[in-house]
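entry.pdb (PDB, C-alpha atoms)
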ATOM      1  CA  MET Y   1      -0.483  -3.583  34.522
ATOM      2  CA  HIS Y   2       0.378  -6.025  31.836
ATOM      3  CA  PHE Y   3       1.003  -4.808  28.311
ATOM      4  CA  PRO Y   4       1.217  -7.865  26.065
ATOM      5  CA  LEU Y   5       4.182  -8.046  23.727
ATOM      6  CA  TRP Y   6       2.065  -9.000  20.718
ATOM      7  CA  LEU Y   7       0.124  -5.753  21.126
ATOM      8  CA  LEU Y   8       3.345  -3.762  21.181
ATOM      9  CA  PHE Y   9       4.485  -5.516  17.990
ATOM     10  CA  ALA Y  10       1.126  -4.845  16.325
ATOM     11  CA  LEU Y  11       1.329  -1.161  17.248
ATOM     12  CA  ILE Y  12       4.872  -0.866  15.884
ATOM     13  CA  THR Y  13       3.679  -2.572  12.686
ATOM     14  CA  LEU Y  14       0.902   0.006  12.365
ATOM     15  CA  LEU Y  15       3.413   2.797  12.898
ATOM     16  CA  PHE Y  16       5.991   1.363  10.458
ATOM     17  CA  TRP Y  17       3.456   0.754   7.678
ATOM     18  CA  GLY Y  18       1.822   4.107   8.300
ATOM     19  CA  THR Y  19       5.154   5.918   8.138
ATOM     20  CA  THR Y  20       5.936   4.441   4.707
ATOM     21  CA  GLY Y  21       3.205   6.632   3.198
ATOM     22  CA  VAL Y  22       5.021   9.743   4.369
ATOM     23  CA  THR Y  23       8.546   8.549   3.504
ATOM     24  CA  GLN Y  24       7.264   7.682   0.022
ATOM     25  CA  LYS Y  25       6.035  11.230  -0.404
ATOM     26  CA  LEU Y  26       9.266  12.704   1.004
ATOM     27  CA  SER Y  27      11.159  10.539  -1.484
ATOM     28  CA  THR Y  28       9.151  11.545  -4.556
ATOM     29  CA  ASN Y  29       9.410  15.193  -3.470
ATOM     30  CA  ALA Y  30      13.160  14.847  -4.010
ATOM     31  CA  ILE Y  31      13.645  12.255  -6.788
ATOM     32  CA  SER Y  32      11.718  10.468  -9.569
ATOM     33  CA  THR Y  33       9.380   7.503  -9.057
ATOM     34  CA  GLU Y  34      11.880   5.332 -10.917
ATOM     35  CA  LEU Y  35      14.811   6.105  -8.626
ATOM     36  CA  SER Y  36      12.565   5.879  -5.539
ATOM     37  CA  PHE Y  37      11.265   2.499  -6.627
ATOM     38  CA  LEU Y  38      14.778   1.205  -7.353
ATOM     39  CA  TRP Y  39      15.923   1.913  -3.788
ATOM     40  CA  PHE Y  40      12.633   0.746  -2.304
ATOM     41  CA  VAL Y  41      13.160  -2.664  -3.930
ATOM     42  CA  LEU Y  42      16.843  -2.806  -2.934
ATOM     43  CA  ALA Y  43      15.825  -2.386   0.712
ATOM     44  CA  PHE Y  44      13.944  -5.690   0.606
ATOM     45  CA  ILE Y  45      17.079  -7.649  -0.300
ATOM     46  CA  PRO Y  46      18.914  -7.319   3.061
ATOM     47  CA  ILE Y  47      15.685  -8.259   4.864
ATOM     48  CA  ALA Y  48      15.286 -11.394   2.749
ATOM     49  CA  LEU Y  49      18.977 -12.256   3.229
ATOM     50  CA  ALA Y  50      18.629 -11.846   7.003
ATOM     51  CA  ILE Y  51      15.692 -14.270   6.969
ATOM     52  CA  LEU Y  52      17.657 -16.753   4.870
ATOM     53  CA  LEU Y  53      20.542 -16.585   7.355
ATOM     54  CA  ILE Y  54      18.508 -16.750  10.548
ATOM     55  CA  VAL Y  55      15.335 -18.727   9.854
ATOM     56  CA  PRO Y  56      15.433 -22.333   8.620
ATOM     57  CA  LEU Y  57      13.106 -22.531   5.625
ATOM     58  CA  ASP Y  58      11.468 -25.563   4.098
ATOM     59  CA  TRP Y  59      11.891 -25.286   0.341
ATOM     60  CA  HIS Y  60       9.704 -28.305  -0.433
ATOM     61  CA  LEU Y  61       6.899 -26.232  -1.844
ATOM     62  CA  LYS Y  62       4.223 -26.984  -4.355
ATOM     63  CA  THR Y  63       5.113 -25.289  -7.656
ATOM     64  CA  ARG Y  64       1.774 -23.525  -7.645
ATOM     65  CA  VAL Y  65       2.347 -22.064  -4.183
ATOM     66  CA  PHE Y  66       5.883 -20.951  -5.079
ATOM     67  CA  TRP Y  67       4.773 -19.084  -8.176
ATOM     68  CA  LEU Y  68       1.691 -17.542  -6.592
ATOM     69  CA  ALA Y  69       3.835 -16.099  -3.797
ATOM     70  CA  VAL Y  70       6.446 -14.806  -6.278
ATOM     71  CA  ILE Y  71       3.784 -13.297  -8.549
ATOM     72  CA  GLY Y  72       2.199 -11.798  -5.436
ATOM     73  CA  GLY Y  73       5.470 -10.017  -4.679
ATOM     74  CA  ALA Y  74       5.639  -8.700  -8.238
ATOM     75  CA  LEU Y  75       2.024  -7.461  -8.130
ATOM     76  CA  ASN Y  76       2.531  -5.807  -4.777
ATOM     77  CA  GLY Y  77       5.721  -4.207  -6.109
ATOM     78  CA  LEU Y  78       3.962  -2.880  -9.205
ATOM     79  CA  GLY Y  79       1.349  -1.408  -6.886
ATOM     80  CA  ALA Y  80       4.101   0.223  -4.853
ATOM     81  CA  MET Y  81       5.450   1.718  -8.076
ATOM     82  CA  THR Y  82       2.072   3.165  -9.081
ATOM     83  CA  SER Y  83       1.596   4.535  -5.566
ATOM     84  CA  PHE Y  84       4.985   6.282  -5.821
ATOM     85  CA  LYS Y  85       3.808   7.634  -9.176
ATOM     86  CA  ALA Y  86       0.514   8.873  -7.668
ATOM     87  CA  LEU Y  87       2.476  10.774  -5.036
ATOM     88  CA  GLU Y  88       4.974  12.108  -7.579
ATOM     89  CA  SER Y  89       2.055  13.306  -9.750
ATOM     90  CA  GLY Y  90       0.919  15.631  -6.981
ATOM     91  CA  GLY Y  91      -1.277  13.317  -4.916
ATOM     92  CA  LYS Y  92      -1.233  14.040  -1.199
ATOM     93  CA  ALA Y  93      -0.031  11.241   1.078
ATOM     94  CA  SER Y  94      -3.034  11.791   3.360
ATOM     95  CA  ILE Y  95      -5.381  11.088   0.425
ATOM     96  CA  VAL Y  96      -3.495   8.666  -1.834
ATOM     97  CA  ILE Y  97      -2.518   6.201   0.901
ATOM     98  CA  PRO Y  98      -5.961   5.733   2.535
ATOM     99  CA  LEU Y  99      -7.462   5.555  -0.972
ATOM    100  CA  CYS Y 100      -5.025   2.817  -2.040
ATOM    101  CA  TYR Y 101      -5.764   0.883   1.150
ATOM    102  CA  LEU Y 102      -9.317   0.395  -0.094
ATOM    103  CA  TYR Y 103      -7.828  -2.411  -2.246
ATOM    104  CA  PRO Y 104      -9.717  -5.201  -0.365
ATOM    105  CA  LEU Y 105     -12.658  -4.009  -2.464
ATOM    106  CA  VAL Y 106     -10.977  -5.601  -5.474
ATOM    107  CA  THR Y 107      -9.832  -8.656  -3.509
ATOM    108  CA  ILE Y 108     -13.387  -9.372  -2.328
ATOM    109  CA  PHE Y 109     -14.708  -8.905  -5.849
ATOM    110  CA  LEU Y 110     -12.114 -11.351  -7.223
ATOM    111  CA  ALA Y 111     -12.812 -13.859  -4.445
ATOM    112  CA  LEU Y 112     -16.503 -13.611  -5.282
ATOM    113  CA  VAL Y 113     -16.018 -14.154  -9.019
ATOM    114  CA  PHE Y 114     -13.093 -16.597  -9.156
ATOM    115  CA  LEU Y 115     -13.039 -18.364  -5.796
ATOM    116  CA  HIS Y 116     -16.852 -18.316  -5.497
ATOM    117  CA  GLU Y 117     -16.651 -17.038  -1.955
ATOM    118  CA  LYS Y 118     -19.724 -15.571  -0.329
ATOM    119  CA  VAL Y 119     -19.788 -11.902   0.601
ATOM    120  CA  THR Y 120     -20.768 -11.292   4.221
ATOM    121  CA  ARG Y 121     -23.106  -8.527   5.400
ATOM    122  CA  VAL Y 122     -20.221  -6.708   7.062
ATOM    123  CA  GLU Y 123     -18.330  -6.834   3.765
ATOM    124  CA  VAL Y 124     -21.318  -5.422   1.882
ATOM    125  CA  LEU Y 125     -21.398  -2.498   4.312
ATOM    126  CA  GLY Y 126     -17.616  -2.133   3.992
ATOM    127  CA  ILE Y 127     -17.842  -2.120   0.194
ATOM    128  CA  ALA Y 128     -20.569   0.552   0.193
ATOM    129  CA  LEU Y 129     -18.571   2.764   2.560
ATOM    130  CA  ALA Y 130     -15.369   2.166   0.581
ATOM    131  CA  LEU Y 131     -17.019   3.288  -2.655
ATOM    132  CA  ALA Y 132     -18.441   6.402  -1.011
ATOM    133  CA  ALA Y 133     -15.060   7.107   0.583
ATOM    134  CA  ALA Y 134     -13.245   6.710  -2.757
ATOM    135  CA  ILE Y 135     -15.573   9.219  -4.436
ATOM    136  CA  LEU Y 136     -15.162  11.757  -1.618
ATOM    137  CA  LEU Y 137     -11.386  11.303  -1.424
ATOM    138  CA  SER Y 138     -10.989  11.844  -5.155
ATOM    139  CA  ARG Y 139     -12.462  15.340  -4.875
ATOM    140  CA  GLU Y 140      -9.475  17.571  -4.747
ATOM    141  CA  ALA Y 141      -9.138  20.508  -2.417
ATOM    142  CA  PRO Y 142      -9.665  23.850  -4.157
ATOM    143  CA  PRO Y 143      -6.336  25.094  -5.526
ATOM    144  CA  GLU Y 144      -6.429  28.377  -3.653
ATOM    145  CA  GLU Y 145      -7.063  28.158   0.034
ATOM    146  CA  PRO Y 146      -7.099  31.135   2.340
ATOM    147  CA  THR Y 147      -4.201  30.789   4.728
ATOM    148  CA  ASP Y 148      -4.883  33.101   7.609
ATOM    149  CA  LYS Y 149      -2.361  31.676  10.010
TER     150      LYS Y 149
ATOM    151  CA  MET D 150     -17.259   0.729 -15.325
ATOM    152  CA  SER D 151     -19.733   2.909 -17.171
ATOM    153  CA  THR D 152     -18.331   5.841 -19.089
ATOM    154  CA  THR D 153     -21.618   7.127 -20.489
ATOM    155  CA  SER D 154     -21.501  10.298 -18.435
ATOM    156  CA  LEU D 155     -18.043  11.198 -19.695
ATOM    157  CA  PRO D 156     -17.069  12.517 -23.110
ATOM    158  CA  PRO D 157     -15.569   9.751 -25.260
ATOM    159  CA  ARG D 158     -12.129  11.386 -25.325
ATOM    160  CA  VAL D 159     -10.725  13.537 -22.585
ATOM    161  CA  ASP D 160      -8.825  16.494 -23.935
ATOM    162  CA  ALA D 161      -5.302  16.472 -22.533
ATOM    163  CA  THR D 162      -5.356  20.236 -21.964
ATOM    164  CA  LYS D 163      -8.387  20.101 -19.675
ATOM    165  CA  LYS D 164      -8.353  16.620 -18.299
ATOM    166  CA  ARG D 165     -10.905  15.852 -15.662
ATOM    167  CA  VAL D 166      -9.263  12.950 -13.920
ATOM    168  CA  PRO D 167      -5.992  13.978 -12.266
ATOM    169  CA  SER D 168      -3.106  11.590 -12.913
ATOM    170  CA  TRP D 169      -2.541  10.949  -9.188
ATOM    171  CA  LEU D 170      -6.069   9.540  -9.062
ATOM    172  CA  ILE D 171      -5.494   7.258 -12.059
ATOM    173  CA  TYR D 172      -2.286   5.899 -10.477
ATOM    174  CA  SER D 173      -4.079   5.432  -7.144
ATOM    175  CA  LEU D 174      -6.845   3.428  -8.832
ATOM    176  CA  LEU D 175      -4.184   1.330 -10.586
ATOM    177  CA  THR D 176      -2.619   0.687  -7.179
ATOM    178  CA  ILE D 177      -5.983  -0.452  -5.810
ATOM    179  CA  ALA D 178      -6.320  -2.883  -8.723
ATOM    180  CA  LEU D 179      -2.772  -4.280  -8.370
ATOM    181  CA  TRP D 180      -2.905  -4.617  -4.587
ATOM    182  CA  GLY D 181      -6.398  -6.080  -4.878
ATOM    183  CA  ILE D 182      -5.102  -8.876  -7.123
ATOM    184  CA  TRP D 183      -2.106  -9.348  -4.808
ATOM    185  CA  GLY D 184      -4.600  -9.704  -1.944
ATOM    186  CA  ALA D 185      -6.253 -12.574  -3.783
ATOM    187  CA  THR D 186      -2.939 -14.330  -4.540
ATOM    188  CA  SER D 187      -1.772 -14.030  -0.933
ATOM    189  CA  LYS D 188      -5.112 -15.338   0.289
ATOM    190  CA  ALA D 189      -4.630 -18.343  -1.965
ATOM    191  CA  VAL D 190      -1.223 -19.251  -0.475
ATOM    192  CA  ALA D 191      -1.689 -18.066   3.124
ATOM    193  CA  SER D 192      -2.296 -21.536   4.519
ATOM    194  CA  ASP D 193       0.514 -23.191   2.522
ATOM    195  CA  ILE D 194       3.608 -21.199   3.524
ATOM    196  CA  ASN D 195       4.867 -19.427   6.613
ATOM    197  CA  ALA D 196       5.484 -15.696   6.833
ATOM    198  CA  TYR D 197       9.267 -15.888   6.463
ATOM    199  CA  MET D 198       9.115 -18.015   3.345
ATOM    200  CA  ASN D 199       6.445 -15.653   2.026
ATOM    201  CA  GLN D 200       8.698 -12.639   2.606
ATOM    202  CA  VAL D 201      11.592 -14.320   0.743
ATOM    203  CA  LEU D 202       9.395 -15.357  -2.199
ATOM    204  CA  PHE D 203       7.843 -11.880  -2.222
ATOM    205  CA  THR D 204      11.333 -10.413  -2.617
ATOM    206  CA  ILE D 205      12.146 -12.869  -5.425
ATOM    207  CA  GLY D 206       9.060 -11.498  -7.180
ATOM    208  CA  LEU D 207      10.141  -7.899  -6.598
ATOM    209  CA  ILE D 208      13.645  -8.160  -8.046
ATOM    210  CA  PRO D 209      12.676  -8.631 -11.736
ATOM    211  CA  LEU D 210      10.750  -5.351 -11.478
ATOM    212  CA  LEU D 211      14.102  -3.595 -11.294
ATOM    213  CA  PHE D 212      14.348  -4.199 -15.065
ATOM    214  CA  LEU D 213      11.372  -1.872 -15.537
ATOM    215  CA  VAL D 214      13.320   1.084 -14.185
ATOM    216  CA  ILE D 215      16.994   0.210 -14.583
ATOM    217  CA  ARG D 216      17.363   1.888 -17.973
ATOM    218  CA  SER D 217      15.088   4.829 -17.289
ATOM    219  CA  PRO D 218      16.593   8.247 -18.000
ATOM    220  CA  ARG D 219      14.671   9.445 -14.936
ATOM    221  CA  LEU D 220      17.138   7.662 -12.667
ATOM    222  CA  ALA D 221      19.419  10.632 -13.216
ATOM    223  CA  GLY D 222      18.773  13.962 -11.594
ATOM    224  CA  GLY D 223      16.339  14.935  -8.872
ATOM    225  CA  LYS D 224      16.147  17.884  -6.532
ATOM    226  CA  ASN D 225      17.969  16.169  -3.702
ATOM    227  CA  ARG D 226      19.225  12.692  -4.553
ATOM    228  CA  ARG D 227      20.712  11.810  -1.197
ATOM    229  CA  ARG D 228      17.509  12.745   0.652
ATOM    230  CA  GLY D 229      15.233  11.047  -1.881
ATOM    231  CA  ILE D 230      17.220   7.801  -1.896
ATOM    232  CA  PHE D 231      17.334   7.793   1.909
ATOM    233  CA  TYR D 232      13.556   8.033   2.200
ATOM    234  CA  ALA D 233      12.973   5.464  -0.564
ATOM    235  CA  PHE D 234      15.274   2.969   1.149
ATOM    236  CA  ILE D 235      13.645   3.662   4.531
ATOM    237  CA  THR D 236      10.249   3.023   2.916
ATOM    238  CA  GLY D 237      11.382  -0.460   1.919
ATOM    239  CA  ILE D 238      12.961  -1.206   5.289
ATOM    240  CA  LEU D 239       9.896  -0.049   7.238
ATOM    241  CA  GLY D 240       7.598  -1.981   4.912
ATOM    242  CA  GLY D 241       9.595  -5.214   5.126
ATOM    243  CA  ALA D 242      10.297  -4.892   8.860
ATOM    244  CA  GLY D 243       6.606  -4.147   9.381
ATOM    245  CA  ASN D 244       5.716  -7.399   7.614
ATOM    246  CA  ILE D 245       7.971  -9.368   9.948
ATOM    247  CA  LEU D 246       6.710  -7.600  13.090
ATOM    248  CA  PHE D 247       3.147  -8.242  11.951
ATOM    249  CA  PHE D 248       3.767 -11.981  11.693
ATOM    250  CA  THR D 249       5.731 -11.982  14.945
ATOM    251  CA  SER D 250       2.763 -10.380  16.694
ATOM    252  CA  LEU D 251       0.577 -13.215  15.423
ATOM    253  CA  THR D 252       3.028 -15.868  16.603
ATOM    254  CA  MET D 253       3.352 -14.244  20.049
ATOM    255  CA  GLY D 254      -0.283 -14.766  20.889
ATOM    256  CA  GLY D 255      -1.953 -11.914  19.046
ATOM    257  CA  ARG D 256      -5.188 -13.176  17.552
ATOM    258  CA  ALA D 257      -5.544 -12.516  13.812
ATOM    259  CA  ALA D 258      -9.070 -11.198  14.460
ATOM    260  CA  VAL D 259      -7.495  -8.373  16.468
ATOM    261  CA  VAL D 260      -4.082  -7.850  14.852
ATOM    262  CA  VAL D 261      -5.275  -7.803  11.219
ATOM    263  CA  PRO D 262      -7.959  -5.078  11.583
ATOM    264  CA  MET D 263      -5.719  -3.071  13.894
ATOM    265  CA  THR D 264      -2.717  -3.000  11.574
ATOM    266  CA  SER D 265      -4.939  -2.440   8.535
ATOM    267  CA  LEU D 266      -5.591   1.013   9.979
ATOM    268  CA  SER D 267      -1.962   2.032   9.337
ATOM    269  CA  PRO D 268      -3.086   4.791   6.890
ATOM    270  CA  LEU D 269      -4.392   6.536   9.993
ATOM    271  CA  ALA D 270      -0.765   6.990  11.052
ATOM    272  CA  THR D 271       0.022   8.213   7.524
ATOM    273  CA  VAL D 272      -2.695  10.860   7.715
ATOM    274  CA  ILE D 273      -1.581  12.103  11.126
ATOM    275  CA  LEU D 274       2.075  12.206  10.058
ATOM    276  CA  ALA D 275       1.166  13.860   6.754
ATOM    277  CA  PHE D 276      -0.545  16.657   8.636
ATOM    278  CA  LEU D 277       2.335  17.029  11.092
ATOM    279  CA  VAL D 278       5.341  16.509   8.812
ATOM    280  CA  LEU D 279       4.139  17.429   5.325
ATOM    281  CA  ARG D 280       1.598  20.060   6.413
ATOM    282  CA  GLU D 281      -0.907  18.732   3.895
ATOM    283  CA  LYS D 282      -4.262  20.481   3.616
ATOM    284  CA  ILE D 283      -7.358  18.687   2.393
ATOM    285  CA  SER D 284     -10.920  19.642   1.555
ATOM    286  CA  ALA D 285     -13.948  19.190   3.806
ATOM    287  CA  SER D 286     -15.377  16.428   1.616
ATOM    288  CA  GLN D 287     -12.024  14.635   1.746
ATOM    289  CA  ILE D 288     -12.138  14.724   5.543
ATOM    290  CA  VAL D 289     -15.537  13.000   5.429
ATOM    291  CA  GLY D 290     -14.037  10.606   2.864
ATOM    292  CA  LEU D 291     -11.193   9.761   5.244
ATOM    293  CA  GLY D 292     -13.661   8.999   8.033
ATOM    294  CA  LEU D 293     -15.626   6.652   5.775
ATOM    295  CA  ALA D 294     -12.421   5.110   4.406
ATOM    296  CA  PHE D 295     -11.189   4.132   7.852
ATOM    297  CA  VAL D 296     -14.497   2.511   8.771
ATOM    298  CA  ALA D 297     -14.476   0.719   5.403
ATOM    299  CA  ILE D 298     -10.850  -0.433   5.718
ATOM    300  CA  TYR D 299     -11.623  -1.753   9.193
ATOM    301  CA  LEU D 300     -14.782  -3.585   8.119
ATOM    302  CA  LEU D 301     -13.150  -5.078   5.032
ATOM    303  CA  SER D 302     -10.280  -6.449   7.096
ATOM    304  CA  LEU D 303     -12.553  -8.367   9.479
TER     305      LEU D 303
END
Turn this file's structure into C-alpha cells for me.
Amino acid sequence: MHFPLWLLFALITLLFWGTTGVTQKLSTNAISTELSFLWFVLAFIPIALAILLIVPLDWHLKTRVFWLAVIGGALNGLGAMTSFKALESGGKASIVIPLCYLYPLVTIFLALVFLHEKVTRVEVLGIALALAAAILLSREAPPEEPTDK
Amino acid sequence: MSTTSLPPRVDATKKRVPSWLIYSLLTIALWGIWGATSKAVASDINAYMNQVLFTIGLIPLLFLVIRSPRLAGGKNRRRGIFYAFITGILGGAGNILFFTSLTMGGRAAVVVPMTSLSPLATVILAFLVLREKISASQIVGLGLAFVAIYLLSL
C-alpha cells in the first residue's frame, strides 16, 4: 500500500489547524484575550525567522503585492483577536470555530462586487447552506441541561 | 442587513445577541476580507514569502494590546500563555505544511477542500477535551456548516 506524503501533510495540516480552536479556548479559559493574542502573535516570529534563514526569498515584489500581503496578515490577525474574544465571551469552541470558518461567504460576496467574479452554482448552494448553518449555530443551548450521567 | 424586526436599541440588561456571536460575526467579516486580499496576491508570491509578509502585518497589531491593563492577571497565566503560544505555532506550522503538501504533488482541488474541514477536528476535540455540550439545532447547524465550508472551498 502506498500512502502519499502529500496526503499525510494535508492530514497533519487539518489536525494542526483544527487543534488551534481548542488551544484558543484553553488559553482564554486561563487568561484574557489580550494576553492570549500577544503570545499568539509572538509565536509567528520564530516561524518567520526560520523561513528567512532557510528559504531563499525573492524580495523584488510589486509594491501592491507587498502591501496586500502585509494587510492580509493584519486582517487575519484582527480576526484571530476577535475569535479569541468570542471564546473568552463564553462562546463554545465547537460552535465559534465552525461559524467563523464560514468566512468564504464574505470573500465570495467581495469577489462578486469588487472583482466582478461570477458565482458558480456550487457556490450558490454553499452560500445558502452557510446562511442556514450560521442561523442554527447561533441558537444557544438552553442554559440548564439535565445531566443524567 | 435589515434590522426592522429588532427594536431600535437593545437594552444592555436583556440583550438578545450574545457577545460571542457578535465577535464571531466580526471574525467572519475580517477573515472574509483577508480571503479576498490573499486571493488577489496568490499568483504573485510563493507561500514562504506570504508567511513572512503575513507576520510583518501581524506585528503592528501588538500595539493594540501592549498597553492593555488586561495583560495582567488571569486564572492561570503559565497555562494560558502556553496554549496561546501553541495556537500560533500550530497555525503557522499548519500554513507551511499546507503549502508543502501542495508542492509535494497534492492537487489544490483535493488539499484545499480537505484542509478547509479543519473545524471538524476542533469539534471532535472540543467534545473530547473541553466536554462541550451543544443544542440539537446546533448539531444540525454543524452538519450544514461542514457541507457549506466544503462547497465554498471548491
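Considering the residues D:Ile273, D:Leu251, D:Val201, D:Met263 and counting all atoms listed in the file, Y:Leu53 has its shortest atom-to-atom contact with D:Val201.
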**OP:** Report the residues retrieved by the PyMOL selection byres ((chain Y and resi 32) around 12) from the displayed file, expressed as an NGL selection string.
**Re:** (:Y and (24-31 or 33-39 or 81 or 84-89)) or (:D and (214 or 217-226 or 228-230 or 233))
Sorted by chain and rising residue number, list the residues of chain D at most 6 Å from chain Y (counting only C-alpha atoms), each with its closest atom pair and distance in Å to one decimal, as JSON lines.
{"residue": "D:Trp169", "atom": "CA", "partner": "Y:Ala86", "partner_atom": "CA", "distance": 4.0}
{"residue": "D:Tyr172", "atom": "CA", "partner": "Y:Ala86", "partner_atom": "CA", "distance": 5.0}
{"residue": "D:Ser173", "atom": "CA", "partner": "Y:Ala86", "partner_atom": "CA", "distance": 5.8}
{"residue": "D:Thr176", "atom": "CA", "partner": "Y:Gly79", "partner_atom": "CA", "distance": 4.5}
{"residue": "D:Ile177", "atom": "CA", "partner": "Y:Tyr103", "partner_atom": "CA", "distance": 4.5}
{"residue": "D:Leu179", "atom": "CA", "partner": "Y:Gly79", "partner_atom": "CA", "distance": 5.2}
{"residue": "D:Trp180", "atom": "CA", "partner": "Y:Asn76", "partner_atom": "CA", "distance": 5.6}
{"residue": "D:Gly181", "atom": "CA", "partner": "Y:Thr107", "partner_atom": "CA", "distance": 4.5}
{"residue": "D:Ile182", "atom": "CA", "partner": "Y:Thr107", "partner_atom": "CA", "distance": 6.0}
{"residue": "D:Trp183", "atom": "CA", "partner": "Y:Gly72", "partner_atom": "CA", "distance": 5.0}
{"residue": "D:Gly184", "atom": "CA", "partner": "Y:Thr107", "partner_atom": "CA", "distance": 5.6}
{"residue": "D:Ala185", "atom": "CA", "partner": "Y:Thr107", "partner_atom": "CA", "distance": 5.3}
{"residue": "D:Thr186", "atom": "CA", "partner": "Y:Gly72", "partner_atom": "CA", "distance": 5.8}
{"residue": "D:Val190", "atom": "CA", "partner": "Y:Val65", "partner_atom": "CA", "distance": 5.9}
{"residue": "D:Val201", "atom": "CA", "partner": "Y:Ala48", "partner_atom": "CA", "distance": 5.1}
{"residue": "D:Leu202", "atom": "CA", "partner": "Y:Val70", "partner_atom": "CA", "distance": 5.1}
{"residue": "D:Phe203", "atom": "CA", "partner": "Y:Gly73", "partner_atom": "CA", "distance": 3.9}
{"residue": "D:Gly206", "atom": "CA", "partner": "Y:Val70", "partner_atom": "CA", "distance": 4.3}
{"residue": "D:Leu207", "atom": "CA", "partner": "Y:Ala74", "partner_atom": "CA", "distance": 4.9}
{"residue": "D:Val214", "atom": "CA", "partner": "Y:Glu34", "partner_atom": "CA", "distance": 5.5}
{"residue": "D:Leu220", "atom": "CA", "partner": "Y:Leu35", "partner_atom": "CA", "distance": 4.9}
{"residue": "D:Gly223", "atom": "CA", "partner": "Y:Ile31", "partner_atom": "CA", "distance": 4.3}
{"residue": "D:Lys224", "atom": "CA", "partner": "Y:Ala30", "partner_atom": "CA", "distance": 5.0}
{"residue": "D:Asn225", "atom": "CA", "partner": "Y:Ala30", "partner_atom": "CA", "distance": 5.0}
{"residue": "D:Gly229", "atom": "CA", "partner": "Y:Ser27", "partner_atom": "CA", "distance": 4.1}
{"residue": "D:Tyr232", "atom": "CA", "partner": "Y:Ser27", "partner_atom": "CA", "distance": 5.1}
{"residue": "D:Ala233", "atom": "CA", "partner": "Y:Ser36", "partner_atom": "CA", "distance": 5.0}
{"residue": "D:Phe234", "atom": "CA", "partner": "Y:Phe40", "partner_atom": "CA", "distance": 4.9}
{"residue": "D:Thr236", "atom": "CA", "partner": "Y:Thr20", "partner_atom": "CA", "distance": 4.9}
{"residue": "D:Gly237", "atom": "CA", "partner": "Y:Phe40", "partner_atom": "CA", "distance": 4.6}
{"residue": "D:Ile238", "atom": "CA", "partner": "Y:Ala43", "partner_atom": "CA", "distance": 5.5}
{"residue": "D:Leu239", "atom": "CA", "partner": "Y:Phe16", "partner_atom": "CA", "distance": 5.3}
{"residue": "D:Gly240", "atom": "CA", "partner": "Y:Trp17", "partner_atom": "CA", "distance": 5.7}
{"residue": "D:Gly243", "atom": "CA", "partner": "Y:Thr13", "partner_atom": "CA", "distance": 4.7}
{"residue": "D:Leu246", "atom": "CA", "partner": "Y:Phe9", "partner_atom": "CA", "distance": 5.8}
{"residue": "D:Phe247", "atom": "CA", "partner": "Y:Thr13", "partner_atom": "CA", "distance": 5.7}
{"residue": "D:Ser250", "atom": "CA", "partner": "Y:Trp6", "partner_atom": "CA", "distance": 4.3}
{"residue": "D:Met253", "atom": "CA", "partner": "Y:Trp6", "partner_atom": "CA", "distance": 5.4}
{"residue": "D:Gly255", "atom": "CA", "partner": "Y:Trp6", "partner_atom": "CA", "distance": 5.2}
{"residue": "D:Thr264", "atom": "CA", "partner": "Y:Leu14", "partner_atom": "CA", "distance": 4.8}
{"residue": "D:Ser267", "atom": "CA", "partner": "Y:Gly18", "partner_atom": "CA", "distance": 4.4}
{"residue": "D:Pro268", "atom": "CA", "partner": "Y:Gly18", "partner_atom": "CA", "distance": 5.2}
{"residue": "D:Ala270", "atom": "CA", "partner": "Y:Gly18", "partner_atom": "CA", "distance": 4.8}
{"residue": "D:Thr271", "atom": "CA", "partner": "Y:Gly18", "partner_atom": "CA", "distance": 4.5}
{"residue": "D:Val272", "atom": "CA", "partner": "Y:Ser94", "partner_atom": "CA", "distance": 4.5}
{"residue": "D:Ala275", "atom": "CA", "partner": "Y:Ser94", "partner_atom": "CA", "distance": 5.8}
{"residue": "D:Ile283", "atom": "CA", "partner": "Y:Ala141", "partner_atom": "CA", "distance": 5.4}
{"residue": "D:Ser284", "atom": "CA", "partner": "Y:Ala141", "partner_atom": "CA", "distance": 4.4}
{"residue": "D:Ser286", "atom": "CA", "partner": "Y:Leu136", "partner_atom": "CA", "distance": 5.7}
{"residue": "D:Gln287", "atom": "CA", "partner": "Y:Leu137", "partner_atom": "CA", "distance": 4.6}
{"residue": "D:Gly290", "atom": "CA", "partner": "Y:Ala133", "partner_atom": "CA", "distance": 4.3}
{"residue": "D:Leu293", "atom": "CA", "partner": "Y:Ala133", "partner_atom": "CA", "distance": 5.2}
{"residue": "D:Ala294", "atom": "CA", "partner": "Y:Ala133", "partner_atom": "CA", "distance": 5.1}
{"residue": "D:Ala297", "atom": "CA", "partner": "Y:Gly126", "partner_atom": "CA", "distance": 4.5}
{"residue": "D:Leu300", "atom": "CA", "partner": "Y:Gly126", "partner_atom": "CA", "distance": 5.2}
{"residue": "D:Leu301", "atom": "CA", "partner": "Y:Gly126", "partner_atom": "CA", "distance": 5.4}
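Computed from the coordinates, the atom CA of D:Arg256 to atom CA of D:Leu303 distance equals 11.9 Å.
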Original post:
How many Å lie between atom CA of D:Ile215 and atom CA of D:Arg227, rounded to one decimal?
Top reply: 18.1 Å
**OP:** Would you mind reading off the distance between atom CA of D:Met198 and atom CA of D:Leu210, one decimal, in Å?
**Re:** 19.6 Å
